[in-house]
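A.B. asks: One file is attached below, protein_10.txt, containing compact mmCIF, C-alpha atoms.
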# COMPACT_ATOMS: atom_id res chain seq x y z
CA MET T 1 7.81 39.13 -34.80
CA ASN T 2 4.85 38.47 -37.09
CA THR T 3 5.16 37.87 -40.82
CA LEU T 4 3.93 41.31 -41.91
CA LEU T 5 6.41 43.06 -39.65
CA VAL T 6 9.23 40.90 -40.95
CA PHE T 7 8.36 41.75 -44.55
CA ALA T 8 8.06 45.45 -43.76
CA PHE T 9 11.43 45.42 -42.07
CA LEU T 10 13.07 43.52 -44.90
CA SER T 11 11.52 45.59 -47.65
CA ALA T 12 12.95 48.70 -46.09
CA ALA T 13 16.32 47.15 -45.32
CA SER T 14 17.07 45.30 -48.53
CA ALA T 15 16.86 45.70 -52.28
CA LEU T 16 15.93 42.03 -52.61
CA PRO T 17 12.15 41.63 -52.20
CA LEU T 18 11.10 38.63 -50.16
CA SER T 19 7.94 36.59 -50.51
CA GLN T 20 5.87 34.48 -48.16
CA GLN T 21 7.27 31.49 -50.03
CA ASP T 22 10.81 32.57 -49.05
CA GLU T 23 9.80 32.58 -45.41
CA PHE T 24 7.99 29.24 -45.77
CA HIS T 25 11.13 27.64 -47.22
CA PHE T 26 13.28 29.25 -44.54
CA LYS T 27 11.09 28.03 -41.68
CA SER T 28 11.10 24.51 -43.14
CA TRP T 29 14.89 24.70 -43.41
CA MET T 30 15.16 25.96 -39.82
CA GLU T 31 13.12 23.04 -38.57
CA GLN T 32 15.15 20.55 -40.60
CA HIS T 33 18.46 21.91 -39.27
CA ASN T 34 17.25 22.70 -35.75
CA ARG T 35 17.96 26.43 -36.00
CA ASP T 36 16.55 29.21 -33.86
CA TYR T 37 17.21 32.96 -34.07
CA ASN T 38 16.39 35.92 -31.91
CA ILE T 39 14.10 38.68 -33.19
CA ARG T 40 17.02 40.77 -34.48
CA GLU T 41 18.93 37.92 -36.17
CA TYR T 42 15.95 36.32 -37.91
CA PRO T 43 15.45 38.93 -40.70
CA ASN T 44 19.16 38.92 -41.56
CA ARG T 45 19.33 35.12 -41.77
CA LEU T 46 16.13 34.99 -43.80
CA GLN T 47 17.63 37.49 -46.24
CA ILE T 48 20.85 35.50 -46.62
CA PHE T 49 18.92 32.24 -46.98
CA ALA T 50 16.70 33.69 -49.70
CA GLU T 51 19.71 34.98 -51.64
CA ASN T 52 21.44 31.60 -51.37
CA LYS T 53 18.30 29.80 -52.53
CA ARG T 54 17.93 32.09 -55.54
CA ARG T 55 21.54 31.45 -56.49
CA ILE T 56 21.08 27.69 -56.14
CA ASP T 57 17.88 27.72 -58.22
CA LYS T 58 19.52 29.83 -60.94
CA HIS T 59 22.52 27.51 -61.08
CA ASN T 60 20.37 24.39 -61.28
CA ALA T 61 18.31 25.89 -64.09
CA GLY T 62 21.48 26.32 -66.16
CA ASN T 63 23.71 23.86 -68.00
CA HIS T 64 26.33 22.75 -65.48
CA SER T 65 28.24 19.56 -64.71
CA PHE T 66 27.16 19.68 -61.06
CA SER T 67 24.09 20.70 -59.11
CA MET T 68 23.65 22.62 -55.88
CA LYS T 69 21.23 22.28 -52.96
CA LEU T 70 20.29 23.87 -49.66
CA ASN T 71 22.30 22.46 -46.75
CA GLN T 72 23.47 23.26 -43.22
CA PHE T 73 25.35 26.33 -44.49
CA SER T 74 22.44 28.03 -46.26
CA ASP T 75 21.95 30.78 -43.67
CA MET T 76 25.56 31.94 -44.06
CA THR T 77 27.30 34.29 -46.46
CA PHE T 78 30.40 32.86 -48.12
CA THR T 79 32.49 35.30 -46.07
CA GLU T 80 31.07 33.83 -42.86
CA PHE T 81 31.45 30.30 -44.17
CA ARG T 82 35.07 30.86 -45.17
CA LYS T 83 35.91 32.26 -41.74
CA ALA T 84 34.29 29.32 -39.93
CA PHE T 85 35.26 26.33 -42.07
CA LEU T 86 38.27 27.17 -44.25
CA TRP T 87 41.84 28.18 -43.41
CA SER T 88 42.34 31.70 -42.15
CA VAL T 89 46.14 31.37 -42.14
CA PRO T 90 47.47 30.93 -45.71
CA GLN T 91 49.31 27.66 -46.28
CA ASN T 92 51.89 27.67 -49.06
CA CYS T 93 52.42 24.04 -49.91
CA SER T 94 54.97 24.89 -52.62
CA ALA T 95 57.57 24.53 -49.85
CA THR T 96 57.09 20.75 -49.80
CA LYS T 97 59.36 18.90 -52.25
CA GLY T 98 57.95 16.06 -54.31
CA LYS T 99 59.66 12.68 -54.11
CA TYR T 100 57.02 10.30 -55.45
CA LEU T 101 58.23 7.74 -58.00
CA GLN T 102 55.47 6.71 -60.38
CA SER T 103 54.94 3.17 -61.54
CA ASN T 104 54.97 2.34 -65.24
CA GLY T 105 51.20 1.73 -65.21
CA PRO T 106 48.87 1.05 -66.87
CA HIS T 107 46.19 2.32 -64.48
CA PRO T 108 42.63 1.02 -64.20
CA ASP T 109 39.88 3.25 -65.61
CA SER T 110 38.38 3.62 -62.16
CA VAL T 111 39.35 3.03 -58.53
CA ASP T 112 37.30 3.31 -55.34
CA TRP T 113 39.00 2.33 -52.10
CA ARG T 114 35.62 2.24 -50.34
CA LYS T 115 34.75 -0.81 -52.46
CA LYS T 116 38.09 -2.60 -52.11
CA GLY T 117 37.55 -3.55 -48.49
CA ASN T 118 37.14 -1.99 -45.05
CA PHE T 119 39.70 0.74 -45.76
CA VAL T 120 37.85 4.07 -45.35
CA THR T 121 36.29 5.38 -42.13
CA PRO T 122 32.84 7.05 -42.16
CA VAL T 123 32.62 10.75 -43.04
CA LYS T 124 33.32 12.98 -40.03
CA ASN T 125 32.34 16.58 -39.25
CA GLN T 126 34.93 19.24 -38.42
CA GLY T 127 32.35 21.70 -37.06
CA SER T 128 33.12 25.43 -36.94
CA CYS T 129 36.88 25.00 -36.92
CA GLY T 130 39.29 25.31 -39.85
CA SER T 131 40.71 21.88 -39.02
CA CYS T 132 39.97 20.18 -42.35
CA TRP T 133 43.70 19.45 -42.68
CA THR T 134 43.52 17.19 -39.62
CA PHE T 135 40.60 15.21 -41.10
CA SER T 136 42.41 14.83 -44.40
CA THR T 137 45.44 13.60 -42.44
CA THR T 138 43.61 11.11 -40.23
CA GLY T 139 41.48 9.89 -43.14
CA CYS T 140 44.57 9.13 -45.17
CA LEU T 141 46.51 7.55 -42.29
CA GLU T 142 43.46 5.50 -41.26
CA SER T 143 43.22 4.09 -44.79
CA VAL T 144 46.95 3.48 -45.29
CA THR T 145 47.13 1.71 -41.92
CA ALA T 146 44.07 -0.41 -42.70
CA ILE T 147 45.45 -1.40 -46.12
CA ASN T 148 48.71 -2.48 -44.48
CA THR T 149 47.38 -4.10 -41.29
CA GLY T 150 43.75 -5.02 -41.99
CA LYS T 151 42.60 -2.88 -39.04
CA LEU T 152 40.55 0.28 -39.63
CA VAL T 153 40.66 2.51 -36.53
CA PRO T 154 39.41 6.14 -36.34
CA LEU T 155 42.32 8.39 -35.36
CA SER T 156 42.50 11.65 -33.41
CA GLU T 157 42.09 14.96 -35.22
CA GLN T 158 42.18 16.79 -31.90
CA GLN T 159 45.74 15.67 -31.18
CA LEU T 160 46.79 17.34 -34.43
CA VAL T 161 44.79 20.49 -33.62
CA ASP T 162 46.40 20.74 -30.17
CA CYS T 163 49.92 19.41 -30.69
CA ALA T 164 51.21 19.91 -34.26
CA GLN T 165 52.00 23.66 -34.21
CA ASP T 166 55.78 23.17 -34.36
CA PHE T 167 55.33 21.80 -37.87
CA ASN T 168 53.82 25.04 -39.21
CA ASN T 169 50.23 24.03 -38.47
CA HIS T 170 47.74 26.35 -36.80
CA GLY T 171 44.97 24.30 -35.21
CA CYS T 172 41.55 25.68 -36.15
CA ASN T 173 43.23 28.27 -38.40
CA GLY T 174 44.71 25.82 -40.88
CA GLY T 175 47.54 23.47 -41.67
CA LEU T 176 48.71 20.92 -44.22
CA PRO T 177 48.43 17.13 -44.23
CA SER T 178 52.07 16.79 -45.33
CA GLN T 179 53.14 18.80 -42.29
CA ALA T 180 50.81 16.79 -40.06
CA PHE T 181 52.34 13.54 -41.34
CA GLU T 182 55.76 14.97 -40.48
CA TYR T 183 54.54 15.76 -36.97
CA ILE T 184 53.24 12.20 -36.49
CA MET T 185 56.52 10.76 -37.77
CA TYR T 186 58.75 12.83 -35.45
CA ASN T 187 56.28 12.66 -32.58
CA LYS T 188 56.28 8.86 -32.84
CA GLY T 189 52.57 8.31 -33.04
CA LEU T 190 48.94 9.43 -33.17
CA MET T 191 46.26 8.43 -30.67
CA THR T 192 42.80 7.14 -31.52
CA GLU T 193 39.75 9.35 -31.77
CA LYS T 194 38.32 7.46 -28.79
CA ASP T 195 41.34 8.19 -26.56
CA TYR T 196 41.75 11.82 -27.72
CA PRO T 197 38.24 12.93 -28.81
CA TYR T 198 37.47 15.87 -31.09
CA THR T 199 36.18 19.14 -29.60
CA ALA T 200 36.46 21.58 -32.58
CA PHE T 201 38.47 24.01 -30.40
CA ASP T 202 42.18 24.73 -29.98
CA ASP T 203 43.33 23.39 -26.64
CA ALA T 204 46.44 22.32 -24.72
CA CYS T 205 48.28 19.27 -26.01
CA VAL T 206 47.62 16.16 -23.89
CA TYR T 207 49.27 13.52 -26.07
CA LYS T 208 50.06 10.25 -24.29
CA PRO T 209 52.79 8.31 -26.15
CA GLU T 210 51.81 5.03 -24.51
CA LEU T 211 48.40 5.30 -26.22
CA ALA T 212 49.76 5.92 -29.73
CA ALA T 213 47.81 3.73 -32.19
CA ALA T 214 49.15 4.74 -35.61
CA PHE T 215 52.64 5.58 -36.81
CA VAL T 216 54.34 7.14 -39.84
CA LYS T 217 57.72 5.97 -41.16
CA ASP T 218 57.98 8.41 -44.05
CA VAL T 219 56.04 11.13 -45.85
CA VAL T 220 55.54 11.04 -49.62
CA ASN T 221 54.89 14.37 -51.31
CA ILE T 222 53.71 14.04 -54.90
CA THR T 223 55.44 16.49 -57.23
CA ALA T 224 53.52 19.77 -57.34
CA ASN T 225 50.87 19.90 -60.07
CA ASP T 226 51.60 16.31 -61.17
CA GLU T 227 48.01 15.08 -61.29
CA MET T 228 49.02 11.85 -63.04
CA GLY T 229 51.25 11.20 -60.04
CA MET T 230 48.14 11.41 -57.88
CA VAL T 231 46.32 8.98 -60.19
CA ASP T 232 49.23 6.56 -59.97
CA ALA T 233 49.36 6.80 -56.16
CA VAL T 234 45.61 6.22 -55.72
CA ALA T 235 45.62 3.38 -58.26
CA THR T 236 48.68 1.54 -56.93
CA HIS T 237 48.99 2.47 -53.25
CA ASN T 238 46.20 4.12 -51.25
CA PRO T 239 43.96 7.21 -50.84
CA VAL T 240 45.81 10.53 -51.07
CA SER T 241 45.44 13.80 -49.14
CA PHE T 242 45.20 17.00 -51.16
CA ALA T 243 44.22 20.65 -50.78
CA PHE T 244 42.37 22.98 -53.14
CA ASP T 245 40.76 26.42 -53.40
CA VAL T 246 37.12 26.41 -52.28
CA THR T 247 34.87 29.03 -53.89
CA SER T 248 31.30 30.02 -53.03
CA ASP T 249 29.63 27.55 -55.44
CA PHE T 250 31.25 24.64 -53.63
CA MET T 251 29.55 25.59 -50.36
CA HIS T 252 26.22 24.32 -51.73
CA TYR T 253 27.50 21.44 -53.89
CA SER T 254 24.97 18.61 -54.20
CA LYS T 255 26.09 16.10 -56.85
CA GLY T 256 27.81 15.80 -60.21
CA VAL T 257 31.36 16.71 -61.23
CA PHE T 258 32.40 20.02 -59.65
CA THR T 259 34.21 22.51 -61.87
CA SER T 260 34.93 26.22 -61.49
CA THR T 261 36.13 29.04 -63.72
CA VAL T 262 36.88 31.39 -60.82
CA CYS T 263 38.93 29.30 -58.38
CA GLU T 264 42.69 29.69 -58.08
CA LYS T 265 45.21 27.01 -59.07
CA THR T 266 48.37 28.12 -57.31
CA ALA T 267 49.87 26.51 -54.21
CA ASP T 268 49.48 29.63 -52.07
CA LYS T 269 45.71 29.88 -52.64
CA VAL T 270 44.53 26.47 -51.41
CA ASN T 271 42.25 26.76 -48.37
CA HIS T 272 40.71 23.33 -47.73
CA ALA T 273 42.17 19.82 -47.36
CA VAL T 274 40.32 16.62 -48.26
CA LEU T 275 40.97 12.97 -49.21
CA ALA T 276 40.93 11.39 -52.68
CA VAL T 277 39.60 7.84 -52.20
CA GLY T 278 39.35 7.05 -55.89
CA TYR T 279 38.66 8.28 -59.39
CA GLY T 280 36.46 7.52 -62.39
CA GLN T 281 34.86 8.99 -65.49
CA GLU T 282 31.32 10.13 -66.29
CA LYS T 283 30.72 10.37 -70.06
CA ASP T 284 33.56 12.69 -71.12
CA SER T 285 34.21 14.01 -67.59
CA PRO T 286 37.04 12.35 -65.64
CA TYR T 287 36.73 12.98 -61.91
CA TRP T 288 38.14 12.36 -58.46
CA ILE T 289 36.05 10.74 -55.71
CA VAL T 290 36.70 12.82 -52.61
CA LYS T 291 35.89 12.45 -48.92
CA ASN T 292 35.06 15.75 -47.20
CA SER T 293 34.74 16.60 -43.49
CA TRP T 294 31.44 18.52 -43.34
CA GLY T 295 29.25 15.61 -42.23
CA GLU T 296 27.23 13.07 -44.22
CA GLY T 297 24.43 15.57 -44.88
CA TRP T 298 26.63 17.62 -47.22
CA GLY T 299 27.18 16.72 -50.88
CA ILE T 300 26.91 13.04 -51.85
CA ASN T 301 26.63 11.60 -48.33
CA GLY T 302 29.67 13.67 -47.35
CA TYR T 303 31.60 13.07 -50.58
CA PHE T 304 32.00 15.02 -53.80
CA LEU T 305 33.31 14.55 -57.33
CA ILE T 306 35.70 17.11 -58.85
CA GLU T 307 37.07 17.33 -62.38
CA ARG T 308 40.27 15.35 -62.89
CA GLY T 309 43.11 16.14 -65.29
CA LYS T 310 43.08 19.96 -65.24
CA ASN T 311 44.48 20.72 -61.77
CA MET T 312 40.98 22.00 -60.92
CA CYS T 313 41.19 24.64 -58.19
CA GLY T 314 44.83 23.71 -57.52
CA LEU T 315 44.03 20.19 -56.32
CA ALA T 316 47.38 18.86 -57.56
CA ALA T 317 49.41 21.62 -55.90
CA CYS T 318 50.26 19.72 -52.72
CA SER T 319 49.12 16.11 -52.47
CA SER T 320 50.72 13.64 -50.08
CA PHE T 321 50.38 10.39 -48.15
CA PRO T 322 52.23 8.60 -45.34
CA VAL T 323 54.25 5.38 -45.36
CA VAL T 324 53.50 3.20 -42.33
Could you quickly redo this structure as structure tokens?

C.D. replies:
Amino acid sequence: MNTLLVFAFLSAASALPLSQQDEFHFKSWMEQHNRDYNIREYPNRLQIFAENKRRIDKHNAGNHSFSMKLNQFSDMTFTEFRKAFLWSVPQNCSATKGKYLQSNGPHPDSVDWRKKGNFVTPVKNQGSCGSCWTFSTTGCLESVTAINTGKLVPLSEQQLVDCAQDFNNHGCNGGLPSQAFEYIMYNKGLMTEKDYPYTAFDDACVYKPELAAAFVKDVVNITANDEMGMVDAVATHNPVSFAFDVTSDFMHYSKGVFTSTVCEKTADKVNHAVLAVGYGQEKDSPYWIVKNSWGEGWGINGYFLIERGKNMCGLAACSSFPVV
């Protein structure tokens, strides 16, 4: 389909006029991300890409605490993105009861477990599967185990996808780290990523107890909405799993401290689980340092910062970590 025909088709099909520059940027993006579309799909993806780019450019021209950029999701609508990468089955973490006992402090101004030693595995990529909860779980258990044993070993997300349904988890459709920790505790172990590799699909459970490499003795749920409890846990113990409500702006996050005026803060609205590996402050903006599971090409090499102290997007609604 030549350029003129594409523009004619799009002009008739959409209220948003497209330019040759739009197509130039799109083709460059396609090459960068190794994308290819058939003759029917191409105009639609170009249209979505152009709309996303306009939104990103408008945001970056404004006065915001974070910036946005094109990434691997830029040919998707937020509806498509949400279906592919976030939970489709609502998870109400208000059912988990907090039992975390805070220390008396004081807490350091900043903490980053990545700089304390070999305690955090590299950023992983969940692919088109709403299994973020498994990556939050393994990331936390990997770190807690490394802090306690000195050995950092990548653990199996796929075992949780395939085997943890009895603990109210739903594979690629969602789950909660606290429930995954419970599964590991009662199941008596989690295998390594090497022995039970990730496929990004729901499959039959093939757990082999003799190959269990990490164990959970207890699960600590931080009291709902107690963000200072999270600070205390990260400062005095280890990284902490948490969930929050992802909105469309977050899809194209690039750097800076993420904030939102439209996200939800209640426990029944969270739709994505991640791992707090530390915290800090930028000028007057306190933030969390968070490990995501969308690959190293997203955000700040796979990480993001999010405002701390205001239960931003419900991030303090259901945080937890395991005892090993």

A.B. asks: For segment 244-258 of chain T, please output as a list in words all residues within 6 Å (counting all atoms listed in the file; exclusion window: fewer than 3 positions along the same chain).

C.D. replies: Ser65, Phe66, Ser67, Met68, Lys69, Phe78, Val270, Asn271, His272, Gly299, Ile300, Leu305, Ile306, Glu307, Cys313, Gly314 and Leu315 of chain T

A.B. asks: Would you mind exporting C-alpha atoms of the selected residues as a CSV table (one decimal), in the frame of the given file?

C.D. replies:
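Output file selection-v5.csv follows:
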chain,number,residue,atom,x,y,z
T,65,SER,CA,28.2,19.6,-64.7
T,66,PHE,CA,27.2,19.7,-61.1
T,67,SER,CA,24.1,20.7,-59.1
T,68,MET,CA,23.6,22.6,-55.9
T,69,LYS,CA,21.2,22.3,-53.0
T,78,PHE,CA,30.4,32.9,-48.1
T,270,VAL,CA,44.5,26.5,-51.4
T,271,ASN,CA,42.2,26.8,-48.4
T,272,HIS,CA,40.7,23.3,-47.7
T,299,GLY,CA,27.2,16.7,-50.9
T,300,ILE,CA,26.9,13.0,-51.8
T,305,LEU,CA,33.3,14.6,-57.3
T,306,ILE,CA,35.7,17.1,-58.8
T,307,GLU,CA,37.1,17.3,-62.4
T,313,CYS,CA,41.2,24.6,-58.2
T,314,GLY,CA,44.8,23.7,-57.5
T,315,LEU,CA,44.0,20.2,-56.3

A.B. asks: So which one's closest to Pro17 of chain T, T:Thr223, T:Ser260, T:Asn148, T:Gln47? Using only C-alpha atoms, please.

C.D. replies: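 Closest to Pro17 of chain T, using only C-alpha atoms: T:Gln47.
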
A.B. asks: Taking all atoms listed in the file into account, name the residue in T:Asp268, T:Asp232, T:Glu41, T:Glu210 that is nearest to Gln102 of chain T.

C.D. replies: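 Under the stated criterion, the closest residue is T:Asp232.
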
A.B. asks: Tell me, counting all atoms listed in the file, for each residue of segment 214-280 of chain T within 10 Å of segment 125-135 of chain T, which pair of atoms is nearest and how far apart they are in Å to one decimal, in rows ordered by chain and increasing number, as CSV.

C.D. replies:
residue,atom,partner,partner_atom,distance
T:Ser241,CA,T:Trp133,CA,8.8
T:Phe242,CA,T:Trp133,CA,9.0
T:Ala243,CA,T:Trp133,CA,8.2
T:Asn271,CA,T:Gly130,CA,9.1
T:His272,CA,T:Cys132,CA,6.3
T:Ala273,CA,T:Trp133,CA,4.9
T:Val274,CA,T:Cys132,CA,6.9
T:Leu275,CA,T:Phe135,CA,8.4

A.B. asks: Dump C-alpha atoms for the selected residues as a compact mmCIF listing (two decimals), keeping the file's coordinate frame?

C.D. replies:
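So the final result, stored in result.txt, reads:
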# COMPACT_ATOMS: atom_id res chain seq x y z
CA SER T 241 45.44 13.80 -49.14
CA PHE T 242 45.20 17.00 -51.16
CA ALA T 243 44.22 20.65 -50.78
CA ASN T 271 42.25 26.76 -48.37
CA HIS T 272 40.71 23.33 -47.73
CA ALA T 273 42.17 19.82 -47.36
CA VAL T 274 40.32 16.62 -48.26
CA LEU T 275 40.97 12.97 -49.21

A.B. asks: Looking at T:Gly229, T:Gly171, T:Pro177, T:Gly295, which one is nearest to Lys99 of chain T, with distances taken over only C-alpha atoms?

C.D. replies: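 Using only C-alpha atoms, the shortest distance to Lys99 of chain T belongs to T:Gly229.
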
A.B. asks: So, with all atoms listed in the file as the atoms that count, which of T:Val290, T:Ile147, T:Ala200, T:Leu101 lies closest to Lys116 of chain T?

C.D. replies: T:Ile147

A.B. asks: I'd like the neighbourhood of Ala50 of chain T as JSON, numbers by chain, where a residue qualifies if any of its atoms comes within 9 Å (using all atoms listed in the file), though same-chain residues fewer than 5 positions away should be ignored.

C.D. replies: {"T": [16, 18, 22, 23, 25, 26, 45, 55, 74, 75]}

A.B. asks: Quick one: of T:Ile222, T:Met191, T:Val240, T:Ala317, who's nearest to Gly278 of chain T, counting all atoms listed in the file?

C.D. replies: T:Val240

A.B. asks: Which is closest to Ala276 of chain T among T:Asp36, T:Asp162, T:Glu227, T:Glu31, if we use all atoms listed in the file?

C.D. replies: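 Among the listed residues, T:Glu227 lies closest to Ala276 of chain T.
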
A.B. asks: Report as number ranges by chain all protein, DNA and RNA residues lying within 7 Å of Gly280 of chain T, evaluated on only C-alpha atoms, omitting residues in the same chain fewer than 3 positions from it.

C.D. replies: T: 109-111, 286-288

A.B. asks: Identify, on the basis of all atoms listed in the file, every residue whose closest approach to Pro239 of chain T does not exceed 9 Å; exclude the query and any residue fewer than 2 positions from it along the same chain; express the result as a list in words.

C.D. replies: Asp112, Trp113, Val120, Gly139, Cys140, Leu141, Ser143, Val144, Ala233, Val234, Ala235, His237, Ser241, Leu275, Ala276, Val277, Gly278 and Phe321 of chain T

A.B. asks: Could you jot down the atom CA of Val161 of chain T to atom CA of Asp202 of chain T separation for me, Å, one decimal place?

C.D. replies: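 Rounded to one decimal, the two atoms are 6.2 Å apart.
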
A.B. asks: How many Å separate atom CA of Tyr100 of chain T from atom CA of Ser88 of chain T?

C.D. replies: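 According to the coordinates, atom CA of Tyr100 of chain T and atom CA of Ser88 of chain T are separated by 29.2 Å.
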
A.B. asks: Which distance in Å separates atom CA of Pro154 of chain T and atom CA of Ser293 of chain T, to one decimal?

C.D. replies: 13.5 Å
